[in-house]
Protein chains: 2
Amino acid sequence: MSEIITEMVKEKINEFIDRSKDLGLKVTPQRIAIYKELASTDQHPSTETIYKKIKDYYPNISLTTVYRTLETFEKLGLISVVNVLYNAARYDANLDPHNHIVCTVCKKVEDVYDASLTTLDISDKTLGEYQIKGYSILLNGVCKDCRSN
Amino acid sequence: MSEIITEMVKEKINEFIDRSKDLGLKVTPQRIAIYKELASTDQHPSTETIYKKIKDYYPNISLTTVYRTLETFEKLGLISVVNVLYNAARYDANLDPHNHIVCTVCKKVEDVYDASLTTLDISDKTLGEYQIKGYSILLNGVCKDCRSN
DNA sequence: TCTTTAATGATAATGATTACTATTTCCAAA
DNA sequence: TTTGGAAATAGTAATCATTATCATTAAAGA
Ligand SMILES: [Mn+2]
Ligand SMILES: [Mn+2]
Ligand SMILES: [Zn+2]
Ligand SMILES: [Zn+2]
């Protein structure tokens with residue numbers, strides 16, 4: 001299992017490197033580390049969380065670099081921001097169509113795959129004044145752990 | 001028109017006062033001012049914006065009070081938070097079922113009334129592990145002004 | 001009116017993010 | 001393979017939004 005994940009992550013990193021080159025982004029060890037951490041989890045980590053993980057094996061990476069890099073990746077569409085909480089931004093390297101649910105108690109963010117939520121027809125509905133680009137659905141509830149607490 | 005809005009707002013304020021009493025909240029001039037500003041607009045203002053408006057006629061109101069009061073109102077369900085941007089929280093006194101669209105350029109937030117978006121069946125779908133409370137849909141696009149720019 | 005307790009205002013503290021700048025490093029061209 | 005220069009990084013200071021603290025004030029029931 002962990003082997004398979006590692007292989008998948010390796011693939012993703014290679015794709016990431018290719019895309020970086022296409023985009024004219026320099027491929028640095030920091031950027032690879034940041035992308036790798038994000039691609040290795042489905043936890044939607046914050047900047048700080050990613051920073052701490054990398055610190056373990058790359059002790060002199062700068063928090064500033066992590067902030068800047070995540071922002072760069074996001075602007076270029078290499079990753080996405082999961083805008084869920086009112087404090088820290090949470091990131092996601094998974095670009096497959098999906099939505100998220102947040103536990104209102106422990107603030108955990110999990111993926112929700114449901115075709116009926118990713119295929120809403122919003123083209124003509126809504127405000128005619130807007131040129132609609134997309135939408136995101138954020139569900140909220142209480143997770144199993146927090147219910148049994 | 002402006003007369004009619006004023007009447008509607010007056011009504012809302014009276015309802016707000018009644019609800020406050022029911023909830024055991026003290027009715028203070030600060031609270032009335034904050035609720036009034038929020039009930040008078042469809043712009044989804046931030047704390048800072050509300051604070052500045054009130055300052056004009058109530059110069060010694062404290063920014064802290066505005067923060068604290070909006071949080072109190074939100075916790076009690078008197079208003080809602082529109083979680084759209086990554087910086088400041090935006091509030092809404094309009095509790096009718098509706099969603100929001102953000103202009104990705106100017107960050108304006110507008111209401112979207114569309115029954116098909118407010119009546120999604122999320123009860124059984126999604127993660128069985130969660131006890132679902134609700135959902136919010138955030139559309140994004142470019143507004144008319146920003147397209148003609 | 002009096003009393004109690006919640007609410008407020010002033011200010012300090014915190015947490016997340018951004019700005020700045022000197023130094024380093026990627027990488028394309030020679 | 002070297003090398004020049006632009007891009008990226010690290011370290012630090014600054015900023016912005018929000019929260020904590022605490023002494024003072026005021027709403028509202030007795
Ligand atoms: Mn996700
Ligand atoms: Mn609204
Ligand atoms: Zn939970
Ligand atoms: Zn706009």
# chains A, B, ... in the order shown; residues from 1 in each chain; ligands from 1
$ interface_residues --of "chain C" --to "chain A" --cutoff "10 Å" --atoms "only C-alpha atoms (C1' of nucleotides)" --output "list in words"
DG15, DA16, DT17, DT18, DT25, DC26 and DC27 of chain C
$ select_by_dssp --residues "chain B" --states "helix (DSSP H, G or I)" --output "ChimeraX atom specification"
/B:2-23,29-39,47-55,63-75,115-118,144-148
$ interface_residues --of "chain B" --to "chain A" --cutoff "6 Å" --atoms "only C-alpha atoms" --output "number ranges by chain"
B: 112, 126, 129-144
$ interface_residues --of "chain D" --to "chain A" --cutoff "12 Å" --atoms "only C-alpha atoms (C1' of nucleotides)" --output "NGL selection string"
:D and (6-12 or 17-18)
$ calpha_fit_and_write --fixed "chain A" --moving "chain B" --output "PDB file with C-alpha atoms, in the first residue's frame"
ATOM      1  CA  MET B   1       0.137  -0.074   0.178  1.00  0.00           C
ATOM      2  CA  SER B   2       2.689   2.476   1.279  1.00  0.00           C
ATOM      3  CA  GLU B   3       4.846   1.203  -1.622  1.00  0.00           C
ATOM      4  CA  ILE B   4       2.013   1.830  -4.057  1.00  0.00           C
ATOM      5  CA  ILE B   5       1.379   5.311  -2.726  1.00  0.00           C
ATOM      6  CA  THR B   6       5.040   6.083  -3.094  1.00  0.00           C
ATOM      7  CA  GLU B   7       4.947   4.981  -6.702  1.00  0.00           C
ATOM      8  CA  MET B   8       1.902   7.112  -7.378  1.00  0.00           C
ATOM      9  CA  VAL B   9       3.529  10.077  -5.747  1.00  0.00           C
ATOM     10  CA  LYS B  10       6.679   9.553  -7.788  1.00  0.00           C
ATOM     11  CA  GLU B  11       4.594   9.643 -10.916  1.00  0.00           C
ATOM     12  CA  LYS B  12       2.875  12.799  -9.812  1.00  0.00           C
ATOM     13  CA  ILE B  13       6.189  14.428  -9.062  1.00  0.00           C
ATOM     14  CA  ASN B  14       7.469  13.574 -12.508  1.00  0.00           C
ATOM     15  CA  GLU B  15       4.368  15.079 -14.060  1.00  0.00           C
ATOM     16  CA  PHE B  16       4.858  18.104 -11.859  1.00  0.00           C
ATOM     17  CA  ILE B  17       8.440  18.500 -13.050  1.00  0.00           C
ATOM     18  CA  ASP B  18       7.369  18.271 -16.670  1.00  0.00           C
ATOM     19  CA  ARG B  19       4.616  20.809 -16.170  1.00  0.00           C
ATOM     20  CA  SER B  20       7.011  23.137 -14.364  1.00  0.00           C
ATOM     21  CA  LYS B  21       9.375  23.052 -17.308  1.00  0.00           C
ATOM     22  CA  ASP B  22       6.524  23.732 -19.705  1.00  0.00           C
ATOM     23  CA  LEU B  23       5.517  26.682 -17.589  1.00  0.00           C
ATOM     24  CA  GLY B  24       9.044  28.030 -17.354  1.00  0.00           C
ATOM     25  CA  LEU B  25       9.255  27.399 -13.632  1.00  0.00           C
ATOM     26  CA  LYS B  26      12.636  26.459 -12.256  1.00  0.00           C
ATOM     27  CA  VAL B  27      12.678  23.054 -10.655  1.00  0.00           C
ATOM     28  CA  THR B  28      14.180  23.498  -7.210  1.00  0.00           C
ATOM     29  CA  PRO B  29      14.505  21.011  -4.363  1.00  0.00           C
ATOM     30  CA  GLN B  30      12.220  23.225  -2.270  1.00  0.00           C
ATOM     31  CA  ARG B  31       9.521  23.143  -4.887  1.00  0.00           C
ATOM     32  CA  ILE B  32       9.787  19.398  -5.284  1.00  0.00           C
ATOM     33  CA  ALA B  33       9.585  18.938  -1.516  1.00  0.00           C
ATOM     34  CA  ILE B  34       6.531  21.160  -1.251  1.00  0.00           C
ATOM     35  CA  TYR B  35       4.763  19.475  -4.113  1.00  0.00           C
ATOM     36  CA  LYS B  36       5.686  16.043  -2.783  1.00  0.00           C
ATOM     37  CA  GLU B  37       4.225  16.742   0.658  1.00  0.00           C
ATOM     38  CA  LEU B  38       1.023  17.962  -0.848  1.00  0.00           C
ATOM     39  CA  ALA B  39       0.763  15.087  -3.300  1.00  0.00           C
ATOM     40  CA  SER B  40       1.373  12.547  -0.520  1.00  0.00           C
ATOM     41  CA  THR B  41      -1.633  13.392   1.578  1.00  0.00           C
ATOM     42  CA  ASP B  42      -5.365  13.799   1.347  1.00  0.00           C
ATOM     43  CA  GLN B  43      -5.466  15.941   4.472  1.00  0.00           C
ATOM     44  CA  HIS B  44      -5.529  19.383   2.808  1.00  0.00           C
ATOM     45  CA  PRO B  45      -2.671  20.754   4.868  1.00  0.00           C
ATOM     46  CA  SER B  46      -2.008  24.397   5.648  1.00  0.00           C
ATOM     47  CA  THR B  47       1.192  26.200   4.722  1.00  0.00           C
ATOM     48  CA  GLU B  48       2.470  25.819   8.251  1.00  0.00           C
ATOM     49  CA  THR B  49       1.804  22.069   8.270  1.00  0.00           C
ATOM     50  CA  ILE B  50       3.670  21.546   5.020  1.00  0.00           C
ATOM     51  CA  TYR B  51       6.517  23.666   6.291  1.00  0.00           C
ATOM     52  CA  LYS B  52       6.885  21.595   9.448  1.00  0.00           C
ATOM     53  CA  LYS B  53       6.894  18.298   7.577  1.00  0.00           C
ATOM     54  CA  ILE B  54       9.635  19.470   5.248  1.00  0.00           C
ATOM     55  CA  LYS B  55      11.693  20.898   8.111  1.00  0.00           C
ATOM     56  CA  ASP B  56      12.317  17.369   9.341  1.00  0.00           C
ATOM     57  CA  TYR B  57      14.506  16.504   6.388  1.00  0.00           C
ATOM     58  CA  TYR B  58      15.256  19.945   4.992  1.00  0.00           C
ATOM     59  CA  PRO B  59      15.874  22.005   8.118  1.00  0.00           C
ATOM     60  CA  ASN B  60      16.773  25.298   6.524  1.00  0.00           C
ATOM     61  CA  ILE B  61      13.787  25.679   4.251  1.00  0.00           C
ATOM     62  CA  SER B  62      12.092  29.016   4.799  1.00  0.00           C
ATOM     63  CA  LEU B  63       8.461  29.439   5.736  1.00  0.00           C
ATOM     64  CA  THR B  64       8.346  32.340   3.303  1.00  0.00           C
ATOM     65  CA  THR B  65       9.333  30.005   0.500  1.00  0.00           C
ATOM     66  CA  VAL B  66       6.497  27.652   1.346  1.00  0.00           C
ATOM     67  CA  TYR B  67       3.986  30.481   1.309  1.00  0.00           C
ATOM     68  CA  ARG B  68       5.335  31.892  -1.916  1.00  0.00           C
ATOM     69  CA  THR B  69       5.592  28.551  -3.639  1.00  0.00           C
ATOM     70  CA  LEU B  70       2.082  27.413  -2.790  1.00  0.00           C
ATOM     71  CA  GLU B  71       0.769  30.691  -4.118  1.00  0.00           C
ATOM     72  CA  THR B  72       2.755  30.262  -7.322  1.00  0.00           C
ATOM     73  CA  PHE B  73       1.523  26.715  -7.799  1.00  0.00           C
ATOM     74  CA  GLU B  74      -2.030  27.778  -7.213  1.00  0.00           C
ATOM     75  CA  LYS B  75      -1.909  30.648  -9.661  1.00  0.00           C
ATOM     76  CA  LEU B  76      -0.591  28.322 -12.329  1.00  0.00           C
ATOM     77  CA  GLY B  77      -3.204  25.681 -11.606  1.00  0.00           C
ATOM     78  CA  LEU B  78      -0.754  23.042 -10.363  1.00  0.00           C
ATOM     79  CA  ILE B  79      -2.654  22.791  -7.091  1.00  0.00           C
ATOM     80  CA  SER B  80      -5.814  24.284  -5.657  1.00  0.00           C
ATOM     81  CA  VAL B  81      -6.815  26.143  -2.523  1.00  0.00           C
ATOM     82  CA  VAL B  82      -9.529  24.652  -0.391  1.00  0.00           C
ATOM     83  CA  ASN B  83     -11.105  27.665   1.186  1.00  0.00           C
ATOM     84  CA  VAL B  84     -12.802  26.265   4.201  1.00  0.00           C
ATOM     85  CA  LEU B  85     -11.850  27.889   7.411  1.00  0.00           C
ATOM     86  CA  TYR B  86     -11.559  31.496   8.345  1.00  0.00           C
ATOM     87  CA  ASN B  87      -7.989  31.265   9.468  1.00  0.00           C
ATOM     88  CA  ALA B  88      -5.369  29.486   7.394  1.00  0.00           C
ATOM     89  CA  ALA B  89      -5.591  28.565   3.715  1.00  0.00           C
ATOM     90  CA  ARG B  90      -5.627  24.839   3.021  1.00  0.00           C
ATOM     91  CA  TYR B  91      -4.164  23.310  -0.131  1.00  0.00           C
ATOM     92  CA  ASP B  92      -4.890  20.319  -2.325  1.00  0.00           C
ATOM     93  CA  ALA B  93      -2.785  18.703  -5.052  1.00  0.00           C
ATOM     94  CA  ASN B  94      -5.723  16.605  -6.145  1.00  0.00           C
ATOM     95  CA  LEU B  95      -7.199  18.296  -9.193  1.00  0.00           C
ATOM     96  CA  ASP B  96      -9.804  15.647  -9.967  1.00  0.00           C
ATOM     97  CA  PRO B  97     -13.312  17.094  -9.733  1.00  0.00           C
ATOM     98  CA  HIS B  98     -14.430  16.736  -6.170  1.00  0.00           C
ATOM     99  CA  ASN B  99     -15.800  18.675  -3.240  1.00  0.00           C
ATOM    100  CA  HIS B 100     -15.067  18.884   0.460  1.00  0.00           C
ATOM    101  CA  ILE B 101     -16.695  18.377   3.782  1.00  0.00           C
ATOM    102  CA  VAL B 102     -15.477  20.038   6.952  1.00  0.00           C
ATOM    103  CA  CYS B 103     -16.118  18.738  10.406  1.00  0.00           C
ATOM    104  CA  THR B 104     -17.461  21.699  12.310  1.00  0.00           C
ATOM    105  CA  VAL B 105     -15.932  20.346  15.507  1.00  0.00           C
ATOM    106  CA  CYS B 106     -12.383  19.246  14.690  1.00  0.00           C
ATOM    107  CA  LYS B 107     -12.046  21.227  11.422  1.00  0.00           C
ATOM    108  CA  LYS B 108     -10.864  18.175   9.503  1.00  0.00           C
ATOM    109  CA  VAL B 109     -11.366  18.478   5.741  1.00  0.00           C
ATOM    110  CA  GLU B 110     -12.225  15.414   3.693  1.00  0.00           C
ATOM    111  CA  ASP B 111     -12.876  14.762   0.038  1.00  0.00           C
ATOM    112  CA  VAL B 112     -16.346  14.141  -1.291  1.00  0.00           C
ATOM    113  CA  TYR B 113     -16.738  12.399  -4.625  1.00  0.00           C
ATOM    114  CA  ASP B 114     -20.253  12.700  -5.903  1.00  0.00           C
ATOM    115  CA  ALA B 115     -20.965  13.192  -9.565  1.00  0.00           C
ATOM    116  CA  SER B 116     -24.220  15.011  -8.909  1.00  0.00           C
ATOM    117  CA  LEU B 117     -22.272  17.694  -7.053  1.00  0.00           C
ATOM    118  CA  THR B 118     -19.546  18.135  -9.632  1.00  0.00           C
ATOM    119  CA  THR B 119     -21.801  18.442 -12.665  1.00  0.00           C
ATOM    120  CA  LEU B 120     -24.245  21.154 -11.662  1.00  0.00           C
ATOM    121  CA  ASP B 121     -25.446  23.189 -14.599  1.00  0.00           C
ATOM    122  CA  ILE B 122     -24.600  26.735 -13.684  1.00  0.00           C
ATOM    123  CA  SER B 123     -24.064  28.105 -17.159  1.00  0.00           C
ATOM    124  CA  ASP B 124     -27.320  29.986 -17.627  1.00  0.00           C
ATOM    125  CA  LYS B 125     -28.720  30.031 -14.120  1.00  0.00           C
ATOM    126  CA  THR B 126     -27.614  32.534 -11.546  1.00  0.00           C
ATOM    127  CA  LEU B 127     -26.735  36.123 -12.263  1.00  0.00           C
ATOM    128  CA  GLY B 128     -26.767  36.989 -15.932  1.00  0.00           C
ATOM    129  CA  GLU B 129     -24.337  39.782 -15.174  1.00  0.00           C
ATOM    130  CA  TYR B 130     -21.557  37.351 -14.426  1.00  0.00           C
ATOM    131  CA  GLN B 131     -19.354  35.344 -16.648  1.00  0.00           C
ATOM    132  CA  ILE B 132     -19.258  32.221 -14.523  1.00  0.00           C
ATOM    133  CA  LYS B 133     -15.974  30.405 -14.166  1.00  0.00           C
ATOM    134  CA  GLY B 134     -16.797  27.704 -11.673  1.00  0.00           C
ATOM    135  CA  TYR B 135     -18.118  26.834  -8.296  1.00  0.00           C
ATOM    136  CA  SER B 136     -17.212  24.997  -5.168  1.00  0.00           C
ATOM    137  CA  ILE B 137     -19.437  23.192  -2.779  1.00  0.00           C
ATOM    138  CA  LEU B 138     -18.496  22.952   0.823  1.00  0.00           C
ATOM    139  CA  LEU B 139     -20.428  20.538   2.975  1.00  0.00           C
ATOM    140  CA  ASN B 140     -20.352  20.713   6.712  1.00  0.00           C
ATOM    141  CA  GLY B 141     -21.193  18.278   9.425  1.00  0.00           C
ATOM    142  CA  VAL B 142     -19.821  16.344  12.333  1.00  0.00           C
ATOM    143  CA  CYS B 143     -17.426  13.482  11.721  1.00  0.00           C
ATOM    144  CA  LYS B 144     -17.704  10.052  13.295  1.00  0.00           C
ATOM    145  CA  ASP B 145     -14.901  10.666  15.776  1.00  0.00           C
ATOM    146  CA  CYS B 146     -16.430  13.890  17.002  1.00  0.00           C
ATOM    147  CA  ARG B 147     -19.861  12.354  17.392  1.00  0.00           C
ATOM    148  CA  SER B 148     -18.662   9.506  19.586  1.00  0.00           C
ATOM    149  CA  ASN B 149     -16.279  11.896  21.357  1.00  0.00           C
TER     150      ASN B 149
END
$ residues_around --residues "DA19 (chain C)" --least-positions-apart "4" --cutoff "9 Å" --atoms "only C-alpha atoms (C1' of nucleotides)" --output "count of residues only"
3
$ atom_distance --atom1 "C1' of DT11 (chain C)" --atom2 "C1' of DT21 (chain D)"
9.0 Å
